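Engineer: Before anything else, here's the structure in question.
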Amino acid sequence: MAAVAAETRWWRLLLVLSIAGLGAVGTPQPPNIVLMLMDDMGWGDLGVNGEPSRETPNLDRMAAEGMLFPSFYSANPLCSPSRAALLTGRLPIRNGFYTTNGHARNGYTPQDIVGGIPDSEHLLPELLKEAGYATKIVGKWHLGHRPQFHPLKHGFDEWFGSPNCHFGPYDNKAKPNIPVYRDWEMVGRFYEEFPINLKTGEANLTQIYLQEALDFIKKQHSRQRPFFLYWAIDATHGPVYASKPFLGSSRRGRYGDAVREIDDSVGQILQLLRGIGIAERTFVFFTSDNGAALVSAPKQAGSNGPFLCGKQTTFEGGVREPAIAWWPGHVPTGQVSYQLGSLMDLFTTSLSLAGLEPPSDRKIDGLDLLPTLLRGQLIDRPIFYYRGNELMAATVGQYKAHFWTWTNAWEEFRQGIDFCPGQNVSGVTTHTQVEHTSLPLLFHLGEDPGERYPLSFASAEYQDALRRITPVIQQHRETLVPGQPQLNVCNPAVMNWAPPGCEKLSKCLTPPESVPGKCSWPH
């Protein structure tokens, strides 16, 4: 059976390489894969998507040389579940990255979380190793920080980055500063060996992450080995930072400085690929984990363009992402694809590039986008939007149905916590959880991308759209098998008190008494 499976994968690889034009004489080598995942970057932060300052020349050039996806979605409006979905090809409700501590609550992996990515999930780097790929993650992991969740235990060969967000600084008494790892061991902590100046916004982290990427690419090129680079940097997540040469360089303030540095870094990575002659053998995809965090706007957040609300919500601003595919000589230049895309598609598409089939023993939600990328084919598919344990909305064709609406609670809103600043839409951006399952709110996203004008329940258009959407939702609900929730239990004793390697740096801290309890997820 293993021999048959291997032969099947081999023929699939030959087919992919033939399509891609890489099936040269001799042993074919699958293309390198670089996935660039930004943190809280909004759809409207790119010049090519209409940002008026036009401060992303390298990303705009990447789009001109590749394919732009204006309708590309995260799998969740929050960081950890979105990343888990990308690396497993599965909705968070399936892979366990959700909570049942409250209805429709967003959960993630702060440093007191007990859970993380389950061993039962097959991650992309783990599968790519079957095809001989060298694998590296640079930046934020965010799928659990306890030893069993370490990225090198889930398929990555190398890691430089952090297990959690760069929040802080902490006093290392009530809460420890977040560690930075090189491979298995910590090499320092944020705000200590890796400073972030909250007053000025200065930090050199993006430059460090850039160098890690460049060095990895050069090393694998010299070894003639295909590589998978997951470049998950976090400069656009609050507290926003940039290195000194970029501070003050943007018309958009500190957030714009961070975007300009990211843009420059992307340009350097693409230039290296061109310079060492492997651009035509390297597939690159740029996107973000969720929408811009408008709750921190305008100083610490970006733009979601014309779309409603932002991070934490399942309105378009929370889940529609900037997205560019680049593969010179294979992806046609200057193309705009209206394919409905998802972060989860990067899992399946990457496996297809490597000549691998996705796991057949579980439901995979990601699609193989190679027919879209190489031939412009459009694939009919729904997009499901979950918030915690609840299906909040779905897109089928050009219609989006909202089964529940909720931004955040009145109590938070009255304290100034606003996920939709300046965008109140009566009956839509609600501050209580409002159920619409019997009569969903429907929007035509082509005519109303801002979700401001729900279709009339009495209209023929509404009835026709509902007839198309209803069986899709019914089938999804009937076949859904939720995973074991990973984001329910928190415990201060599991924080980053004594990560591996801390003893070499004299950085070990004493953990408090173990007091496991329910995590609190207010929204």
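Here, A, B, ... name the chains of the structure tokens in the order displayed, residue numbers run from 1 inside each chain, and ligands are numbered from 1 in the same displayed order.
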Can you list, as a PyMOL selection string, every residue of segment 3-235 of chain A that DSSP puts in helix (DSSP H, G or I)?
Structural biologist: chain A and resi 3-20+43-45+47-49+57-64+79-88+92-95+124-131+147-149+151-153+205-222
Engineer: Write out as a count of residues only each polymer residue whose atoms come within 12 Å of Met36 of chain A, counting only C-alpha atoms; drop sequence neighbours fewer than 3 positions from it.
Structural biologist: 40
Engineer: A:Leu353, A:Leu445, A:Ile364, A:Val336: which is nearest Leu480 of chain A, counting only C-alpha atoms?
Structural biologist: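 Counting only C-alpha atoms, the residue closest to Leu480 of chain A is A:Ile364.
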Engineer: Give me, as JSON, numbers by chain, all polymer residues having an atom no more than 12 Å from Gly116 of chain A, counting only C-alpha atoms and skipping those fewer than 5 positions away in the same chain.
Structural biologist: {"A": [80, 81, 83, 84, 92, 95, 96, 97, 98, 99, 107, 108, 109, 110, 111, 121, 141, 142, 143, 144, 145, 146, 147, 148, 149, 150, 151, 154, 163, 164, 484, 485, 486, 487, 488, 489, 490]}
Engineer: May I have the residues within 8 Å of segment 156-159 of chain A as a ChimeraX atom specification, using only C-alpha atoms and disregarding those fewer than 4 positions away in the same chain?
Structural biologist: /A:125-126,134-139,151-152,181-184
Engineer: Please produce a file of the residues just selected, as a tab-separated table (two decimals), in the first residue's frame, where the atoms kept are all heavy atoms.
Structural biologist:
chain	number	residue	atom	x	y	z
A	125	PRO	N	4.16	21.75	7.36
A	125	PRO	CA	5.60	21.43	7.28
A	125	PRO	C	5.89	19.95	7.49
A	125	PRO	O	6.79	19.39	6.87
A	125	PRO	CB	6.22	22.29	8.39
A	125	PRO	CG	5.09	22.58	9.32
A	125	PRO	CD	3.88	22.70	8.44
A	126	GLU	N	5.11	19.33	8.36
A	126	GLU	CA	5.27	17.90	8.62
A	126	GLU	C	5.04	17.09	7.34
A	126	GLU	O	5.78	16.15	7.02
A	126	GLU	CB	4.26	17.51	9.71
A	126	GLU	CG	4.09	16.05	9.99
A	126	GLU	CD	2.89	15.82	10.91
A	126	GLU	OE1	2.43	16.79	11.56
A	126	GLU	OE2	2.42	14.68	10.97
A	134	ALA	N	13.12	21.26	3.23
A	134	ALA	CA	13.62	21.87	4.46
A	134	ALA	C	12.60	22.91	4.89
A	134	ALA	O	12.05	23.62	4.06
A	134	ALA	CB	14.97	22.53	4.23
A	135	THR	N	12.31	22.99	6.20
A	135	THR	CA	11.21	23.82	6.66
A	135	THR	C	11.67	24.76	7.77
A	135	THR	O	12.42	24.38	8.66
A	135	THR	CB	10.06	22.94	7.19
A	135	THR	OG1	10.54	22.14	8.28
A	135	THR	CG2	9.53	22.02	6.11
A	136	LYS	N	11.18	25.99	7.70
A	136	LYS	CA	11.54	26.97	8.74
A	136	LYS	C	10.37	27.91	8.99
A	136	LYS	O	9.69	28.34	8.05
A	136	LYS	CB	12.77	27.78	8.34
A	136	LYS	CG	13.16	28.85	9.38
A	136	LYS	CD	14.56	29.36	9.22
A	136	LYS	CE	14.94	30.32	10.34
A	136	LYS	NZ	16.38	30.58	10.43
A	137	ILE	N	10.17	28.23	10.26
A	137	ILE	CA	9.24	29.29	10.64
A	137	ILE	C	10.05	30.45	11.19
A	137	ILE	O	10.94	30.27	12.03
A	137	ILE	CB	8.20	28.80	11.67
A	137	ILE	CG1	7.39	29.99	12.23
A	137	ILE	CG2	8.83	27.99	12.79
A	137	ILE	CD1	6.26	29.59	13.17
A	138	VAL	N	9.73	31.65	10.72
A	138	VAL	CA	10.32	32.88	11.24
A	138	VAL	C	9.17	33.73	11.77
A	138	VAL	O	8.22	34.04	11.04
A	138	VAL	CB	11.08	33.64	10.15
A	138	VAL	CG1	11.58	34.98	10.68
A	138	VAL	CG2	12.24	32.81	9.61
A	139	GLY	N	9.26	34.10	13.05
A	139	GLY	CA	8.24	34.97	13.63
A	139	GLY	C	7.35	34.26	14.61
A	139	GLY	O	7.79	33.38	15.37
A	151	PRO	N	7.01	24.16	17.67
A	151	PRO	CA	6.92	23.96	16.21
A	151	PRO	C	7.87	22.91	15.66
A	151	PRO	O	7.57	22.29	14.63
A	151	PRO	CB	7.22	25.36	15.64
A	151	PRO	CG	7.80	26.14	16.77
A	151	PRO	CD	7.26	25.56	18.02
A	152	LEU	N	9.02	22.69	16.32
A	152	LEU	CA	9.93	21.66	15.82
A	152	LEU	C	9.41	20.25	16.11
A	152	LEU	O	9.94	19.27	15.59
A	152	LEU	CB	11.33	21.85	16.40
A	152	LEU	CG	12.27	22.75	15.57
A	152	LEU	CD1	11.72	24.15	15.42
A	152	LEU	CD2	13.66	22.80	16.17
A	181	TYR	N	12.83	32.37	20.62
A	181	TYR	CA	13.51	31.09	20.44
A	181	TYR	C	14.39	31.08	19.19
A	181	TYR	O	14.06	31.72	18.19
A	181	TYR	CB	12.49	29.96	20.26
A	181	TYR	CG	11.86	29.43	21.51
A	181	TYR	CD1	10.88	30.15	22.19
A	181	TYR	CD2	12.20	28.18	22.00
A	181	TYR	CE1	10.27	29.65	23.32
A	181	TYR	CE2	11.60	27.65	23.14
A	181	TYR	CZ	10.63	28.39	23.79
A	181	TYR	OH	10.02	27.88	24.91
A	182	ARG	N	15.49	30.34	19.29
A	182	ARG	CA	16.17	29.83	18.11
A	182	ARG	C	16.11	28.31	18.21
A	182	ARG	O	16.69	27.72	19.11
A	182	ARG	CB	17.62	30.31	17.99
A	182	ARG	CG	18.31	29.69	16.75
A	182	ARG	CD	19.68	30.29	16.46
A	182	ARG	NE	19.62	31.70	16.13
A	182	ARG	CZ	19.22	32.18	14.95
A	182	ARG	NH1	18.80	31.36	14.01
A	182	ARG	NH2	19.22	33.47	14.74
A	183	ASP	N	15.35	27.74	17.32
A	183	ASP	CA	15.13	26.29	17.32
A	183	ASP	C	14.53	25.84	18.64
A	183	ASP	O	13.49	26.34	19.05
A	183	ASP	CB	16.41	25.55	16.95
A	183	ASP	CG	16.92	25.93	15.56
A	183	ASP	OD1	16.09	26.32	14.72
A	183	ASP	OD2	18.13	25.86	15.32
A	184	TRP	N	15.22	24.94	19.38
A	184	TRP	CA	14.62	24.34	20.56
A	184	TRP	C	14.67	25.21	21.80
A	184	TRP	O	13.92	24.99	22.76
A	184	TRP	CB	15.34	23.01	20.89
A	184	TRP	CG	15.05	21.92	19.91
A	184	TRP	CD1	15.90	21.42	18.96
A	184	TRP	CD2	13.84	21.17	19.78
A	184	TRP	NE1	15.28	20.42	18.24
A	184	TRP	CE2	14.02	20.23	18.73
A	184	TRP	CE3	12.61	21.19	20.45
A	184	TRP	CZ2	13.03	19.35	18.33
A	184	TRP	CZ3	11.62	20.31	20.06
A	184	TRP	CH2	11.83	19.40	19.01
Engineer: Can you tell me, as a short mmCIF file (atom, residue, chain, number, x, y, z; two decimals) with N, CA and C atoms, in the first residue's frame, what residues are no more than 8 Å from Asn101 of chain A when counting only C-alpha atoms, ignoring any on the same chain fewer than 2 positions away?
Structural biologist:
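Saved file around_10.cif follows:
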data_model
loop_
_atom_site.label_atom_id
_atom_site.label_comp_id
_atom_site.auth_asym_id
_atom_site.auth_seq_id
_atom_site.Cartn_x
_atom_site.Cartn_y
_atom_site.Cartn_z
N THR A 99 -13.19 27.91 21.60
CA THR A 99 -13.57 27.73 23.01
C THR A 99 -15.07 27.47 23.12
N HIS A 103 -20.70 31.48 24.32
CA HIS A 103 -21.21 31.38 22.95
C HIS A 103 -20.55 32.42 22.05
N ARG A 105 -17.47 33.16 21.28
CA ARG A 105 -16.36 33.93 21.86
C ARG A 105 -15.07 33.64 21.11
N ASN A 488 -10.02 26.39 26.25
CA ASN A 488 -10.93 26.49 27.39
C ASN A 488 -10.23 26.71 28.73
N LYS A 518 -11.15 28.14 34.01
CA LYS A 518 -11.69 28.52 32.72
C LYS A 518 -11.06 29.82 32.23
N CYS A 519 -10.65 29.83 30.97
CA CYS A 519 -10.20 31.09 30.37
C CYS A 519 -11.40 32.02 30.22
N SER A 520 -11.15 33.30 30.39
CA SER A 520 -12.20 34.30 30.22
C SER A 520 -12.05 34.96 28.85
N TRP A 521 -13.07 34.81 28.02
CA TRP A 521 -13.05 35.41 26.68
C TRP A 521 -14.23 36.38 26.59
#
Engineer: Using only C-alpha atoms, which residues sit within 10 Å of Gly501 of chain A once same-chain residues fewer than 4 positions away are excluded, as a list of chain:residue names?
Structural biologist: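 Contacts, with the query itself left out: A:Tyr181, A:Arg182, A:Trp184, A:Glu185, A:Met186, A:Val187, A:Gly188, A:Leu505, A:Ser506, A:Lys507, A:Cys508.
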Engineer: Pro195 of chain A: which residues within 12 Å, counting only C-alpha atoms, same-chain residues fewer than 2 positions away excluded, as a list in words?
Structural biologist: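 Residues meeting the cut-off are His166, Phe167, Gly168, Pro169, Asn177, Ile178, Pro179, Val180, Gly188, Arg189, Phe190, Tyr191, Glu192, Glu193, Asn197, Leu198, Lys199, Thr200, Gly201, Glu202, Ala203, Asn204, Leu205, Tyr241, Ala242 and Ser243 of chain A.
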Engineer: Quick one: pick out all strand (DSSP E) residues within segment 200-402 of chain A from a backbone DSSP run and write them as a PyMOL selection string.
Structural biologist: chain A and resi 227-232+282-288+320-321+324-326+335-336+341-342+383-387+390-396+399-402
Engineer: When distances are computed from only C-alpha atoms, which of A:Gly44, A:Tyr255, A:Lys311, A:Gly376 shows the smallest separation from Thr333 of chain A?
Structural biologist: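 Comparing A:Gly44, A:Tyr255, A:Lys311, A:Gly376 against Thr333 of chain A, the winner is A:Gly376.
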Engineer: Go through A:Asn76, A:Gln398, A:Ser337, A:Asn304 and flag the residue nearest Glu461 of chain A, using only C-alpha atoms for the distances.
Structural biologist: A:Gln398
Engineer: How far is it from atom CA of Met38 of chain A to atom CA of Arg223 of chain A, in Å with one decimal?
Structural biologist: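 Separating atom CA of Met38 of chain A from atom CA of Arg223 of chain A is a distance of 28.2 Å.
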